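*Asks:* File name protein_14.tsv; file contents TSV, C-alpha atoms; full text below.
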chain	number	residue	atom	x	y	z
L	1	MET	CA	83.30	75.83	30.47
L	2	ALA	CA	86.03	73.45	29.44
L	3	THR	CA	83.87	70.37	29.14
L	4	LYS	CA	80.26	69.52	28.52
L	5	SER	CA	78.85	66.97	30.95
L	6	ALA	CA	76.43	64.25	29.92
L	7	GLY	CA	75.69	62.45	33.15
L	8	THR	CA	79.09	61.45	34.49
L	9	LEU	CA	80.54	61.24	30.98
L	10	THR	CA	82.58	64.32	30.09
L	11	VAL	CA	82.99	65.30	26.47
L	12	ASP	CA	85.85	67.50	25.35
L	13	PRO	CA	84.78	70.26	22.97
L	14	PRO	CA	86.26	69.94	19.48
L	15	GLY	CA	89.75	71.40	19.26
L	16	ALA	CA	90.39	71.32	23.01
L	17	PRO	CA	93.61	69.62	24.14
L	18	PRO	CA	92.86	66.04	25.28
L	19	GLN	CA	92.31	65.83	29.04
L	20	PRO	CA	94.19	63.16	31.05
L	21	LYS	CA	91.91	60.14	31.45
L	22	LYS	CA	90.58	59.48	34.95
L	23	LEU	CA	90.40	55.86	36.07
L	24	GLY	CA	87.19	56.15	38.07
L	25	GLY	CA	84.10	58.20	37.57
L	26	THR	CA	83.21	56.88	34.17
L	27	LEU	CA	79.86	55.27	33.47
L	28	TYR	CA	81.20	51.74	33.49
L	29	ARG	CA	84.84	51.37	34.43
L	30	GLY	CA	85.50	50.53	38.08
L	31	ARG	CA	81.80	50.66	38.86
L	32	GLU	CA	79.03	48.11	39.52
L	33	GLY	CA	78.68	47.37	35.80
L	34	MET	CA	82.33	46.35	35.47
L	35	TRP	CA	82.59	44.31	38.67
L	36	SER	CA	79.37	42.38	38.00
L	37	TRP	CA	80.81	41.55	34.55
L	38	VAL	CA	84.12	40.40	36.06
L	39	LEU	CA	82.36	38.26	38.69
L	40	HIS	CA	80.00	36.81	36.07
L	41	ARG	CA	82.99	35.63	34.00
L	42	ILE	CA	84.97	34.19	36.95
L	43	THR	CA	81.97	32.34	38.42
L	44	GLY	CA	80.99	31.10	34.95
L	45	VAL	CA	84.40	29.53	34.32
L	46	ALA	CA	84.47	27.92	37.79
L	47	ILE	CA	80.98	26.45	37.32
L	48	PHE	CA	81.86	25.12	33.85
L	49	PHE	CA	84.89	23.19	35.15
L	50	PHE	CA	82.89	21.81	38.07
L	51	LEU	CA	80.18	20.73	35.62
L	52	LEU	CA	82.71	18.73	33.58
L	53	VAL	CA	83.85	16.86	36.72
L	54	HIS	CA	80.29	16.48	38.02
L	55	VAL	CA	79.03	14.70	34.87
L	56	LEU	CA	82.01	12.32	35.13
L	57	ASP	CA	81.56	11.52	38.84
L	58	THR	CA	77.82	10.98	38.37
L	59	ALA	CA	78.53	8.66	35.41
L	60	LEU	CA	80.11	6.25	37.94
L	61	VAL	CA	76.58	5.05	38.80
L	62	LYS	CA	76.93	3.00	35.60
L	63	VAL	CA	80.20	1.43	36.77
L	64	SER	CA	78.94	0.10	40.09
L	65	PRO	CA	77.15	1.33	43.22
L	66	GLU	CA	80.42	0.81	45.15
L	67	ALA	CA	82.48	2.92	42.71
L	68	TYR	CA	79.92	5.74	42.90
L	69	ASP	CA	79.70	5.65	46.70
L	70	ALA	CA	83.51	5.65	47.03
L	71	VAL	CA	84.00	8.72	44.84
L	72	ILE	CA	80.96	10.64	46.09
L	73	GLY	CA	82.29	10.08	49.63
L	74	ALA	CA	84.97	12.64	48.77
L	75	TYR	CA	82.23	15.30	48.49
L	76	LYS	CA	81.32	14.75	52.15
L	77	THR	CA	84.71	15.67	53.65
L	78	PRO	CA	84.95	19.04	55.48
L	79	ILE	CA	87.20	20.59	52.81
L	80	MET	CA	84.88	19.60	49.98
L	81	GLY	CA	81.94	20.71	52.12
L	82	LEU	CA	83.46	24.20	52.23
L	83	GLY	CA	84.13	23.92	48.48
L	84	GLU	CA	80.41	23.25	47.97
L	85	ILE	CA	79.69	26.52	49.80
L	86	ALA	CA	81.96	28.31	47.31
L	87	LEU	CA	80.26	26.45	44.44
L	88	VAL	CA	76.75	27.34	45.61
L	89	GLY	CA	77.93	30.93	46.13
L	90	ALA	CA	79.27	31.07	42.57
L	91	ILE	CA	76.11	29.51	41.10
L	92	GLY	CA	73.88	31.80	43.18
L	93	PHE	CA	75.66	34.94	41.97
L	94	HIS	CA	75.84	33.77	38.34
L	95	ALA	CA	72.12	32.91	38.30
L	96	LEU	CA	70.94	36.13	39.99
L	97	ASN	CA	73.26	38.38	37.97
L	98	GLY	CA	72.22	36.50	34.82
L	99	LEU	CA	68.61	37.45	35.52
L	100	ARG	CA	69.82	41.06	36.02
L	101	ILE	CA	71.50	40.93	32.59
L	102	ILE	CA	68.27	39.68	31.02
L	103	LEU	CA	66.36	42.56	32.64
L	104	ILE	CA	68.94	45.07	31.39
L	105	ASP	CA	68.52	43.67	27.87
L	106	PHE	CA	64.74	43.26	27.71
L	107	TRP	CA	63.18	45.62	30.30
L	108	SER	CA	62.80	49.16	29.00
L	109	LYS	CA	64.08	50.59	32.32
L	110	GLY	CA	66.70	47.87	32.77
L	111	ALA	CA	69.75	49.94	31.90
L	112	LYS	CA	68.55	52.82	34.10
L	113	TYR	CA	68.24	50.55	37.13
L	114	GLN	CA	71.29	48.34	36.49
L	115	LYS	CA	73.14	49.63	39.58
L	116	THR	CA	70.10	49.18	41.82
L	117	MET	CA	69.64	45.69	40.40
L	118	PHE	CA	73.31	44.89	41.09
L	119	TRP	CA	72.86	45.69	44.78
L	120	SER	CA	69.57	43.75	44.77
L	121	VAL	CA	71.54	40.78	43.42
L	122	ILE	CA	74.02	41.16	46.29
L	123	VAL	CA	71.23	41.35	48.90
L	124	LEU	CA	69.40	38.32	47.46
L	125	TRP	CA	72.73	36.45	47.31
L	126	VAL	CA	73.40	37.18	51.01
L	127	VAL	CA	69.89	35.95	51.90
L	128	LEU	CA	70.45	32.79	49.82
L	129	MET	CA	73.79	32.09	51.48
L	130	ALA	CA	72.39	32.85	54.93
L	131	GLY	CA	69.89	30.06	54.26
L	132	PHE	CA	72.38	27.61	52.82
L	133	VAL	CA	75.63	28.01	54.80
L	134	PRO	CA	74.37	27.10	58.31
L	135	ARG	CA	72.51	24.10	56.87
L	136	GLN	CA	75.60	22.92	54.99
L	137	LEU	CA	77.88	23.42	58.03
L	138	MET	CA	75.42	21.38	60.06
L	139	HIS	CA	75.55	18.58	57.47
L	140	ILE	CA	79.33	18.45	57.21
L	141	PHE	CA	80.30	19.10	60.84
L	142	GLY	CA	77.15	18.06	62.68
L	143	GLY	CA	77.95	14.39	63.22
L	144	ASP	CA	75.25	11.79	62.65
L	145	ALA	CA	72.33	13.79	64.02
G	23	MET	CA	94.04	56.23	6.17
G	24	SER	CA	95.99	53.90	8.43
G	25	GLU	CA	99.70	54.42	8.87
G	26	THR	CA	102.18	51.59	9.22
G	27	GLY	CA	101.72	49.90	12.57
G	28	THR	CA	98.19	51.06	13.29
G	29	THR	CA	95.47	48.51	13.59
G	30	THR	CA	92.42	50.51	12.71
G	31	GLU	CA	91.40	53.04	10.15
G	32	THR	CA	88.53	55.44	10.19
G	33	ILE	CA	86.04	55.45	7.36
G	34	GLY	CA	83.54	58.24	7.89
G	35	SER	CA	82.80	57.99	11.61
G	36	VAL	CA	83.18	54.19	11.73
G	37	ILE	CA	86.38	52.62	13.07
G	38	VAL	CA	87.29	49.63	10.93
G	39	PRO	CA	89.98	47.07	11.79
G	40	ALA	CA	92.86	47.29	9.30
G	41	PRO	CA	93.16	44.27	6.99
G	42	GLY	CA	95.80	41.88	8.28
G	43	SER	CA	95.74	43.27	11.85
G	44	LYS	CA	94.91	41.06	14.80
G	45	TYR	CA	91.61	42.92	15.14
G	46	GLU	CA	90.45	41.93	11.69
G	47	ARG	CA	88.43	39.00	13.09
G	48	TYR	CA	86.18	41.52	14.87
G	49	ALA	CA	85.24	43.17	11.58
G	50	ARG	CA	81.58	43.06	10.58
G	51	GLN	CA	80.94	40.26	8.13
G	52	PRO	CA	78.50	40.67	5.25
G	53	LYS	CA	75.07	39.42	6.33
G	54	ARG	CA	74.13	36.05	4.90
G	55	GLY	CA	72.11	33.09	6.15
G	56	ILE	CA	71.41	32.50	9.84
G	57	ASN	CA	73.07	34.87	12.31
G	58	LEU	CA	74.56	32.28	14.69
G	59	GLU	CA	75.96	34.91	17.07
G	60	LYS	CA	72.47	36.38	17.47
G	61	TRP	CA	70.98	32.97	18.21
G	62	GLY	CA	73.82	32.27	20.65
G	63	TRP	CA	72.97	35.52	22.42
G	64	ILE	CA	69.28	34.56	22.60
G	65	TYR	CA	70.17	31.03	23.75
G	66	MET	CA	72.23	32.33	26.69
G	67	ARG	CA	69.22	34.29	27.98
G	68	ALA	CA	66.51	31.71	27.26
G	69	SER	CA	68.51	28.83	28.74
G	70	GLY	CA	69.62	31.08	31.61
G	71	VAL	CA	66.05	31.59	32.82
G	72	LEU	CA	65.30	27.84	32.67
G	73	LEU	CA	68.65	27.00	34.31
G	74	ALA	CA	67.97	29.36	37.22
G	75	VAL	CA	64.85	27.31	38.03
G	76	LEU	CA	66.45	23.91	37.34
G	77	ILE	CA	69.66	24.55	39.29
G	78	PHE	CA	68.00	25.95	42.42
G	79	GLY	CA	65.67	22.92	42.45
G	80	HIS	CA	68.67	20.62	41.99
G	81	LEU	CA	70.67	22.29	44.77
G	82	PHE	CA	67.72	22.32	47.17
G	83	VAL	CA	66.83	18.65	46.75
G	84	ASN	CA	70.46	17.45	46.85
G	85	LEU	CA	72.15	19.78	49.36
G	86	VAL	CA	69.47	21.31	51.59
G	87	ALA	CA	66.52	18.92	51.95
G	88	GLY	CA	66.88	15.91	54.25
G	89	GLU	CA	70.44	15.13	55.24
G	90	GLY	CA	71.97	17.26	52.48
G	91	VAL	CA	75.22	16.19	50.85
G	92	LYS	CA	75.72	13.50	53.51
G	93	ALA	CA	72.74	11.56	52.20
G	94	ILE	CA	74.02	11.34	48.63
G	95	ASP	CA	74.97	7.80	47.63
G	96	PHE	CA	73.93	5.27	44.98
G	97	ALA	CA	70.64	4.56	46.75
G	98	PHE	CA	69.80	8.30	46.80
G	99	VAL	CA	70.44	8.60	43.06
G	100	ALA	CA	68.50	5.39	42.38
G	101	GLY	CA	65.59	6.75	44.41
G	102	LYS	CA	65.54	9.94	42.33
G	103	TRP	CA	66.03	8.34	38.92
G	104	ALA	CA	63.36	5.69	39.57
G	105	ASP	CA	61.05	8.64	38.83
G	106	PRO	CA	61.01	9.85	35.18
G	107	PHE	CA	60.39	13.40	36.49
G	108	TRP	CA	63.96	13.64	37.80
G	109	ILE	CA	65.42	11.98	34.69
G	110	VAL	CA	63.80	14.67	32.53
G	111	TRP	CA	64.88	17.37	35.03
G	112	ASP	CA	68.49	16.20	34.95
G	113	LEU	CA	68.51	15.70	31.15
G	114	LEU	CA	67.36	19.32	30.77
G	115	LEU	CA	70.01	20.49	33.24
G	116	LEU	CA	72.71	18.51	31.43
G	117	TRP	CA	71.94	19.80	27.94
G	118	LEU	CA	71.04	23.40	28.82
G	119	ALA	CA	73.94	23.89	31.25
G	120	LEU	CA	76.66	22.24	29.17
G	121	ILE	CA	75.77	24.16	26.02
G	122	HIS	CA	75.33	27.40	28.03
G	123	GLY	CA	78.72	26.85	29.67
G	124	ALA	CA	80.45	25.85	26.44
G	125	ASN	CA	79.13	28.95	24.67
G	126	GLY	CA	80.27	31.12	27.58
G	127	MET	CA	83.75	29.55	27.44
G	128	ARG	CA	83.78	30.16	23.68
G	129	THR	CA	83.13	33.85	24.35
G	130	LEU	CA	86.04	34.03	26.82
G	131	VAL	CA	88.42	32.21	24.47
G	132	ASN	CA	87.46	34.57	21.64
G	133	ASP	CA	88.10	37.52	23.97
G	134	TYR	CA	91.41	36.48	25.51
G	135	ALA	CA	93.14	33.95	23.23
G	136	THR	CA	94.47	36.39	20.65
G	137	ARG	CA	96.84	33.91	18.96
G	138	LYS	CA	94.92	32.08	16.28
G	139	GLY	CA	96.54	28.66	16.85
G	140	LEU	CA	95.84	28.73	20.58
G	141	ARG	CA	92.30	29.90	19.98
G	142	VAL	CA	91.56	27.10	17.53
G	143	VAL	CA	92.98	24.48	19.94
G	144	LEU	CA	90.99	25.80	22.93
G	145	LEU	CA	87.74	26.06	20.95
G	146	GLY	CA	88.31	22.51	19.70
G	147	LEU	CA	88.85	21.22	23.25
G	148	ILE	CA	85.68	22.95	24.50
G	149	GLY	CA	83.67	21.43	21.63
G	150	LEU	CA	85.16	17.98	22.17
G	151	ALA	CA	84.58	17.97	25.95
G	152	THR	CA	81.02	19.24	25.50
G	153	VAL	CA	80.00	16.65	22.90
G	154	ALA	CA	81.66	13.82	24.87
G	155	LEU	CA	79.94	14.76	28.13
G	156	LEU	CA	76.55	15.31	26.46
G	157	VAL	CA	76.75	11.80	24.97
G	158	LEU	CA	78.02	10.24	28.23
G	159	GLY	CA	75.50	12.06	30.45
G	160	THR	CA	72.57	11.25	28.14
G	161	LEU	CA	73.52	7.57	28.03
G	162	VAL	CA	73.86	7.43	31.83
G	163	LEU	CA	70.47	9.09	32.37
G	164	THR	CA	68.58	7.02	29.77
G	165	THR	CA	70.07	3.58	30.55
G	166	PHE	CA	70.23	3.83	34.35
G	167	ASP	CA	68.95	0.83	36.29
G	168	PRO	CA	67.81	1.91	39.77
G	169	CYS	CA	67.54	-1.74	40.84
G	170	LEU	CA	71.25	-2.42	40.27
G	171	GLY	CA	72.74	-3.96	43.41
G	172	ALA	CA	69.46	-3.57	45.25
G	173	THR	CA	69.01	-5.52	48.46
G	174	PRO	CA	65.57	-6.31	49.90
G	175	ALA	CA	66.10	-3.40	52.31
G	176	THR	CA	67.00	-0.76	49.68
G	177	ALA	CA	64.56	-2.08	47.04
G	178	ALA	CA	61.64	-1.52	49.38
G	179	ALA	CA	61.93	2.23	48.76
G	180	ILE	CA	61.67	1.83	44.97
G	181	PRO	CA	58.39	0.21	43.80
G	182	GLN	CA	59.71	-1.21	40.51
G	183	CYS	CA	62.60	-2.99	42.29
G	184	ALA	CA	60.38	-5.13	44.54
G	185	LEU	CA	62.14	-8.47	44.95
Represent the structure contained in this file as structure tokens.
*Replies:*
Amino acid sequence: MATKSAGTLTVDPPGAPPQPKKLGGTLYRGREGMWSWVLHRITGVAIFFFLLVHVLDTALVKVSPEAYDAVIGAYKTPIMGLGEIALVGAIGFHALNGLRIILIDFWSKGAKYQKTMFWSVIVLWVVLMAGFVPRQLMHIFGGDA
Amino acid sequence: MSETGTTTETIGSVIVPAPGSKYERYARQPKRGINLEKWGWIYMRASGVLLAVLIFGHLFVNLVAGEGVKAIDFAFVAGKWADPFWIVWDLLLLWLALIHGANGMRTLVNDYATRKGLRVVLLGLIGLATVALLVLGTLVLTTFDPCLGATPATAAAIPQCAL
């Protein structure tokens, strides 16, 4: 045997020539653990920048009702309506995956089930979006009804 | 021992960043006082649980219930903030989310901004924006007058604005 296997992690015996590193097939790299981490960072940054703008636009209620209504009107255009779908999608993933991270950290079986929990996050996210997207499309494209 | 040009050296089985290398800032510091990184780690998880509840409530009431985003205008906000429940809800969202987001951005800057000058500038901007928006948002929420610009028609929906 050239290598000892611990799960999917291969360990070279001492003194053996180093094996070329494979990109996939490691415990973390290129797998659910890595992609959930990447998505968590991207959605987090997007939400943070929206939050900065959102506190500012809401602060317009102190300027005048007219100023607030004028600026908030921009959120009701079709393009912004689609942007809100992206925003809710980002928040939904970040929140659900955040709960997964907490379970990995504090639940004794969390690390064992991290992959299962990742796909649970995806399923719950799809259910969430299936509830939100038609409703939002109705609000932004549905006329006055 | 480290050779010229390497950034780490191995002491026993522990890899230690070489003094003066760009990885030195990751070196373990001697333990003293409060471990702020540990409390930051705990804060992200504790606030995260609360934020999950607060944000889904916020999104449901503002984007799903009633007419959704189309119904949002000054009168909608006034109707919500005439009730202290929503002022407390939004104050919690503001403080928990901004600090959660700022700490997350701090983590990313520490990870990716390897040049010290750039890192200091970015961390300063995050801190500045966060403090400014916490002050602004808190003032807006605590000094809001739901009866501002109320007409007899709109005031009817808010008891304390009865004309």
*Asks:* Could you list, as a VMD selection string, every residue of chain G that has an atom within 7 Å of an atom of chain L, counting only C-alpha atoms?
*Replies:* chain G and resid 67 70 to 71 74 86 89 to 92 95 to 96 123 127 155 159 162 166 171
*Asks:* Find, counting all atoms listed in the file, the residue in G:Leu76, G:Ala151, G:Leu120, G:Ala104 that gets nearest to Cys169 of chain G.
*Replies:*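 Closest to Cys169 of chain G, using all atoms listed in the file: G:Ala104.
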*Asks:* Rounded to one decimal place, report the atom CA of Thr164 of chain G-atom CA of Leu115 of chain G distance in Å.
*Replies:*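 Atom CA of Leu115 of chain G lies at a distance of 14.0 Å from atom CA of Thr164 of chain G.
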*Asks:* In Å, rounded to a single decimal, give me how far atom CA of Gly62 of chain G is from atom CA of Ile121 of chain G.
*Replies:*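 So the answer is 9.9 Å.
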*Asks:* Determine the nearest neighbour of Ile85 of chain L from the options L:Ala111, L:Val123, L:Ile42, L:Leu128, counting all atoms listed in the file.
*Replies:* L:Leu128
*Asks:* Report the distance between atom CA of Leu144 of chain G and atom CA of Val131 of chain G in Å, rounded to one decimal place.
*Replies:* 7.1 Å
*Asks:* Select, from G:Lys138, G:His80, G:Arg50, G:Arg128, the residue with the minimum atom-to-atom distance to Leu113 of chain G, counting all atoms listed in the file.
*Replies:*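 Once distances to Leu113 of chain G are computed over all atoms listed in the file, the minimum belongs to G:His80.
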*Asks:* Can you tell me which residues surround Glu32 of chain L at a distance of at most 9 Å, considering all atoms listed in the file, apart from same-chain residues fewer than 3 positions away, and format the answer as an MDAnalysis selection string?
*Replies:* chainID L and resid 28:29 35:37 114:115 118:119
*Asks:* Of the candidates G:Leu147, G:Leu118, G:Asp167, G:Asn132, which one gets nearest to Tyr48 of chain G if we count all atoms listed in the file?
*Replies:*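 Closest to Tyr48 of chain G, using all atoms listed in the file: G:Asn132.
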*Asks:* Could you tell me which of G:Ala40, G:Ala119, G:Ile148, G:Leu161 comes closest to Ala68 of chain G if we count only C-alpha atoms?
*Replies:*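 The shortest atom-to-atom distance to Ala68 of chain G comes from G:Ala119.
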*Asks:* Need the shell around Val121 of chain L: protein/DNA/RNA residues with any atom at most 8 Å away, counting only C-alpha atoms. Skip same-chain ones fewer than 5 positions apart. Format as a PyMOL selection string?
*Replies:* chain L and resi 93+96-97+100
*Asks:* When distances are computed from only C-alpha atoms, which of L:Ala86, L:Val63, L:Met34, L:Met117 shows the smallest separation from Met129 of chain L?
*Replies:*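 Closest candidate: L:Ala86.
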